[in-house]
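File shown here: query_26.txt, holding compact mmCIF, C-alpha atoms.
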```txt
# COMPACT_ATOMS: atom_id res chain seq x y z
CA MET A 1 31.09 22.48 20.95
CA LEU A 2 29.42 21.36 17.74
CA LYS A 3 26.28 23.22 16.73
CA GLU A 4 23.30 20.90 16.40
CA PRO A 5 22.27 20.68 12.72
CA VAL A 6 18.79 21.81 11.77
CA MET A 7 17.15 19.43 9.31
CA TRP A 8 13.53 18.43 8.91
CA LEU A 9 11.80 15.69 6.95
CA VAL A 10 8.77 17.35 5.33
CA SER A 11 6.02 16.33 2.92
CA SER A 12 3.18 18.07 1.10
CA GLY A 13 0.71 15.27 1.86
CA ALA A 14 -0.93 13.92 5.02
CA VAL A 15 1.27 10.83 5.10
CA SER A 16 2.11 10.74 8.79
CA GLU A 17 1.29 12.37 12.12
CA ASP A 18 5.07 12.41 12.71
CA ILE A 19 5.88 14.66 9.71
CA PRO A 20 7.30 17.30 9.73
CA PHE A 21 9.97 15.54 11.78
CA GLN A 22 13.13 17.18 13.10
CA LEU A 23 16.20 15.10 12.28
CA LYS A 24 18.40 15.63 15.30
CA PRO A 25 21.55 13.51 15.72
CA GLY A 26 20.36 9.95 16.17
CA SER A 27 18.84 6.98 14.34
CA TYR A 28 15.24 6.93 13.12
CA LEU A 29 13.21 4.01 11.80
CA LEU A 30 10.61 4.69 9.08
CA GLY A 31 7.79 2.28 8.20
CA ARG A 32 4.18 1.21 8.67
CA SER A 33 4.77 -0.39 12.06
CA ALA A 34 3.56 1.58 15.07
CA LYS A 35 6.95 0.85 16.63
CA CYS A 36 8.72 3.04 14.05
CA ASP A 37 9.96 6.51 14.94
CA ILE A 38 8.26 7.89 11.82
CA VAL A 39 5.08 5.95 11.01
CA LEU A 40 4.00 6.24 7.34
CA TRP A 41 0.40 5.55 6.29
CA ASP A 42 0.49 3.78 2.98
CA SER A 43 0.25 0.22 1.69
CA SER A 44 3.38 0.79 -0.44
CA ILE A 45 5.42 1.14 2.76
CA SER A 46 6.94 -1.90 4.47
CA LEU A 47 6.60 -2.41 8.23
CA ARG A 48 10.29 -1.52 8.61
CA HIS A 49 11.06 0.33 5.40
CA ALA A 50 14.15 2.49 5.98
CA ARG A 51 16.39 4.05 8.56
CA ILE A 52 17.78 7.60 8.71
CA ALA A 53 20.98 8.08 10.73
CA VAL A 54 22.12 11.61 11.61
CA GLN A 55 25.64 12.19 12.91
CA LEU A 56 26.78 14.94 15.31
CA ASP A 57 28.56 16.74 12.47
CA GLY A 58 25.29 17.07 10.57
CA THR A 59 25.86 14.36 7.98
CA ALA A 60 22.90 12.06 7.46
CA GLU A 61 22.27 8.84 5.57
CA ILE A 62 19.15 6.90 4.64
CA THR A 63 19.31 3.11 4.30
CA ASP A 64 16.81 0.66 2.81
CA LEU A 65 15.95 -2.12 5.26
CA GLY A 66 14.97 -4.64 2.60
CA SER A 67 11.65 -2.98 1.82
CA SER A 68 9.32 -4.27 -0.89
CA ASN A 69 9.20 -1.03 -2.90
CA GLY A 70 12.59 0.46 -2.16
CA ILE A 71 13.84 3.98 -1.53
CA PHE A 72 14.66 6.65 -4.11
CA VAL A 73 16.96 9.60 -3.46
CA ASN A 74 16.67 12.40 -6.02
CA ASP A 75 14.80 9.95 -8.30
CA GLU A 76 17.51 7.26 -8.18
CA LYS A 77 16.84 3.92 -6.49
CA VAL A 78 19.47 3.29 -3.83
CA ASP A 79 20.28 0.90 -1.03
CA SER A 80 21.73 3.78 0.99
CA ALA A 81 22.65 7.39 0.30
CA VAL A 82 23.81 10.56 2.01
CA ILE A 83 21.00 13.10 2.40
CA THR A 84 21.30 16.87 2.91
CA GLN A 85 19.02 19.90 2.83
CA GLY A 86 17.12 19.84 -0.46
CA THR A 87 17.39 16.08 -0.97
CA ARG A 88 14.21 14.57 -2.43
CA ILE A 89 13.24 11.19 -0.94
CA ARG A 90 10.64 8.67 -2.10
CA LEU A 91 9.65 5.61 -0.08
CA GLY A 92 7.17 3.46 -1.96
CA VAL A 93 4.91 6.14 -3.48
CA LEU A 94 5.36 8.67 -0.65
CA ILE A 95 7.51 11.70 -1.39
CA GLY A 96 9.40 13.81 1.13
CA ARG A 97 12.24 16.29 1.23
CA ILE A 98 14.97 17.27 3.67
CA ALA A 99 14.39 20.91 4.59
CA ALA A 100 15.84 23.61 6.81
CA ARG A 101 12.51 24.35 8.52
CA PRO A 102 9.25 22.46 9.15
CA GLN A 103 7.14 24.92 7.14
CA GLN A 104 9.17 24.28 3.97
CA LEU A 105 6.75 21.99 2.15
CA LEU A 106 7.34 20.32 -1.18
CA GLN A 107 7.05 22.53 -4.23
CA LYS A 108 4.76 21.76 -7.19
CA ALA A 109 7.82 20.59 -9.13
CA ASP A 110 8.25 17.76 -6.62
CA ASN A 111 4.94 16.27 -7.74
CA ASP A 112 3.72 15.10 -11.10
CA ALA A 113 2.53 17.92 -13.34
CA ASP A 114 -0.85 16.29 -13.91
CA GLU A 115 -1.48 15.45 -10.28
CA GLU A 116 -4.46 17.05 -8.56
CA PRO A 117 -4.54 17.86 -4.86
CA THR A 118 -5.23 14.68 -2.90
CA LEU A 119 -5.78 13.47 0.64
CA PRO A 120 -8.52 15.94 1.65
CA CYS A 121 -10.22 15.92 5.03
CA PRO A 122 -12.67 13.02 5.47
CA PRO A 123 -15.93 13.85 3.65
CA ARG A 124 -19.21 14.53 5.41
CA LYS A 125 -21.97 11.93 5.03
CA ASP A 126 -23.81 14.03 2.47
CA GLN A 127 -20.64 14.29 0.40
CA ALA A 128 -20.14 10.51 0.47
CA THR A 129 -23.75 9.90 -0.53
CA ASN A 130 -23.25 11.73 -3.81
CA ALA A 131 -19.68 10.54 -4.29
CA LEU A 132 -19.97 9.81 -8.00
CA VAL A 133 -21.64 13.13 -8.75
CA ASN A 134 -18.91 15.11 -7.00
CA LEU A 135 -15.97 13.42 -8.72
CA THR A 136 -13.96 15.20 -11.38
CA GLU A 137 -14.05 13.71 -14.88
CA LYS A 138 -10.52 12.37 -14.39
CA LYS A 139 -11.41 10.64 -11.14
CA LYS A 140 -14.65 9.25 -12.59
CA ALA A 141 -12.58 7.62 -15.34
CA ILE A 142 -10.16 6.16 -12.81
CA ALA A 143 -13.01 4.95 -10.59
CA ASP A 144 -14.56 3.23 -13.61
CA LEU A 145 -11.29 1.48 -14.49
CA LEU A 146 -10.82 0.42 -10.88
CA ALA A 147 -14.38 -0.94 -10.78
CA ARG A 148 -13.68 -2.92 -13.97
CA GLY A 149 -10.86 -4.75 -12.22
CA TYR A 150 -7.79 -2.93 -13.52
CA ARG A 151 -4.76 -2.74 -11.25
CA GLN A 152 -3.27 0.63 -10.38
CA GLU A 153 -0.22 -0.03 -12.57
CA THR A 154 -2.50 -0.68 -15.56
CA ILE A 155 -4.65 2.36 -14.78
CA ALA A 156 -1.52 4.52 -14.79
CA MET A 157 -0.50 3.15 -18.18
CA LEU A 158 -3.99 3.53 -19.69
CA ARG A 159 -4.40 7.10 -18.42
CA GLY A 160 -0.85 8.15 -19.32
CA ILE A 161 0.04 9.14 -15.75
CA SER A 162 2.60 7.94 -13.25
CA PHE A 163 1.89 5.15 -10.77
CA HIS A 164 2.27 7.70 -7.96
CA THR A 165 -0.50 9.87 -9.44
CA ALA A 166 -2.79 6.88 -10.05
CA HIS A 167 -2.21 5.66 -6.51
CA ASN A 168 -3.06 9.07 -5.05
CA HIS A 169 -6.28 9.21 -7.07
CA VAL A 170 -7.25 5.77 -5.74
CA ARG A 171 -6.50 6.87 -2.18
CA GLU A 172 -8.76 9.88 -2.61
CA LEU A 173 -11.52 7.70 -4.07
CA TYR A 174 -11.32 5.53 -0.95
CA ARG A 175 -11.67 8.66 1.21
CA VAL A 176 -14.60 10.02 -0.79
CA PHE A 177 -16.43 6.68 -0.62
CA GLN A 178 -15.41 6.26 3.04
CA VAL A 179 -13.87 2.80 2.54
CA ASN A 180 -10.50 1.28 3.29
CA SER A 181 -10.40 -1.65 0.89
CA LEU A 182 -11.00 -2.40 -2.79
CA LEU A 183 -13.82 -4.81 -1.91
CA HIS A 184 -15.72 -2.13 0.00
CA PHE A 185 -15.08 0.42 -2.75
CA LEU A 186 -16.51 -1.91 -5.40
CA ALA A 187 -19.61 -2.57 -3.30
CA LYS A 188 -20.32 1.13 -2.78
CA TYR A 189 -19.40 2.12 -6.33
CA HIS A 190 -21.77 -0.37 -7.94
CA ALA A 191 -24.50 0.51 -5.42
CA ARG A 192 -24.20 4.19 -6.39
CA LYS A 193 -24.32 3.30 -10.08
CA ALA A 194 -27.36 1.09 -9.61
CA ALA A 195 -29.13 3.84 -7.66
CA GLY A 196 -28.58 6.26 -10.51
CA ASN A 197 -26.47 8.68 -8.49
CA ASP A 198 -24.04 9.13 -11.33
CA LYS A 199 -25.76 11.96 -13.24
CA GLU A 200 -23.23 11.69 -16.03
CA GLU A 201 -25.14 8.67 -17.33
CA ASP A 202 -28.14 10.93 -18.02
CA GLN A 203 -26.11 13.27 -20.23
CA PRO A 204 -26.76 12.88 -24.02
```

Could you take the file, read its structure, and then write that structure out as structure tokens?
Amino acid sequence: MLKEPVMWLVSSGAVSEDIPFQLKPGSYLLGRSAKCDIVLWDSSISLRHARIAVQLDGTAEITDLGSSNGIFVNDEKVDSAVITQGTRIRLGVLIGRIAARPQQLLQKADNDADEEPTLPCPPRKDQATNALVNLTEKKKAIADLLARGYRQETIAMLRGISFHTAHNHVRELYRVFQVNSLLHFLAKYHARKAAGNDKEEDQP
């Protein structure tokens, strides 16, 4: 009798309620749709983004289902690829890894060197009120560029960081300002500026 392989899909970020996910023999659909086996929370993910198929002998393969932003296995864009323990996977801007146990999160080397911790717990109301004051200098600069109408790709280029890092900073800004769209972010950002909540403006 074949021994059931032990593989988990893990991530260091809060990208899904389904991760860590044990990859038992079977077929698993990944995407933004609630009908997927592994639902991923990010606008860079297609409704039906990819499929992972695990065989009884422990071999596994990931296949792109015609997604908008593709899949990357060990930093190479692929249509399909065999995955094993230690394989690094990126769907859109979300990064995961195949691990031997659910507690085996991504290491710092799996993320960009200049990336700060992102995706914190939702802020309290008093935190959101002083959002601009509580931002780091790096995030204030990114918030300013975003408010001036720059796209995330352009912000990444101007700041000398990867698109993944810029995207994560924008996601955290949305959480800090308690918004879920660029329009709402702009409204709150300019309201905070007008109210003088950004103390940096008072610095000589």

Contacts of stretch 48-81 of chain A with stretch 13-35 of chain A up to 10 Å, shortest pair per row, all atoms listed in the file, as a tab-separated table:
```
residue	atom	partner	partner_atom	distance
A:Arg48	CA	A:Gly31	CA	4.6
A:His49	CA	A:Gly31	CA	4.7
A:Ala50	CA	A:Leu30	CA	5.2
A:Arg51	CA	A:Leu29	CA	4.5
A:Ile52	CA	A:Tyr28	CA	5.1
A:Ala53	CA	A:Ser27	CA	4.3
A:Val54	CA	A:Pro25	CA	4.6
A:Gln55	CA	A:Pro25	CA	5.1
A:Leu56	CA	A:Pro25	CA	5.4
A:Asp57	CA	A:Pro25	CA	8.4
A:Gly58	CA	A:Pro25	CA	7.3
A:Thr59	CA	A:Pro25	CA	8.9
A:Ala60	CA	A:Pro25	CA	8.5
A:Glu61	CA	A:Ser27	CA	9.6
A:Ile62	CA	A:Tyr28	CA	9.3
A:Thr63	CA	A:Leu29	CA	9.7
A:Asp64	CA	A:Leu30	CA	9.7
A:Leu65	CA	A:Leu29	CA	9.4
A:Ser67	CA	A:Gly31	CA	9.1
```

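Atom CA of A:Asn180 is positioned 16.6 Å from atom CA of A:Gly149.
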
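Between atom CA of A:Arg97 and atom CA of A:Met7 lies a distance of 10.0 Å.
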
Nearby residues (only C-alpha atoms) at most 7 Å from stretch 134-145 of chain A, same-chain spacing under 5 positions excluded, as number ranges by chain:
A: 150, 155, 169

Those same residues, written as an mmCIF file, in the coordinates of the input with C-alpha atoms?
```cif
data_model
loop_
_atom_site.group_PDB
_atom_site.id
_atom_site.type_symbol
_atom_site.label_atom_id
_atom_site.label_comp_id
_atom_site.auth_asym_id
_atom_site.auth_seq_id
_atom_site.Cartn_x
_atom_site.Cartn_y
_atom_site.Cartn_z
ATOM 1 C CA TYR A 150 -7.790 -2.930 -13.520
ATOM 2 C CA ILE A 155 -4.650 2.360 -14.780
ATOM 3 C CA HIS A 169 -6.280 9.210 -7.070
#
```

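Taking atom CA of A:Arg101 and atom CA of A:Phe163 as the two end points, the separation is 29.2 Å.
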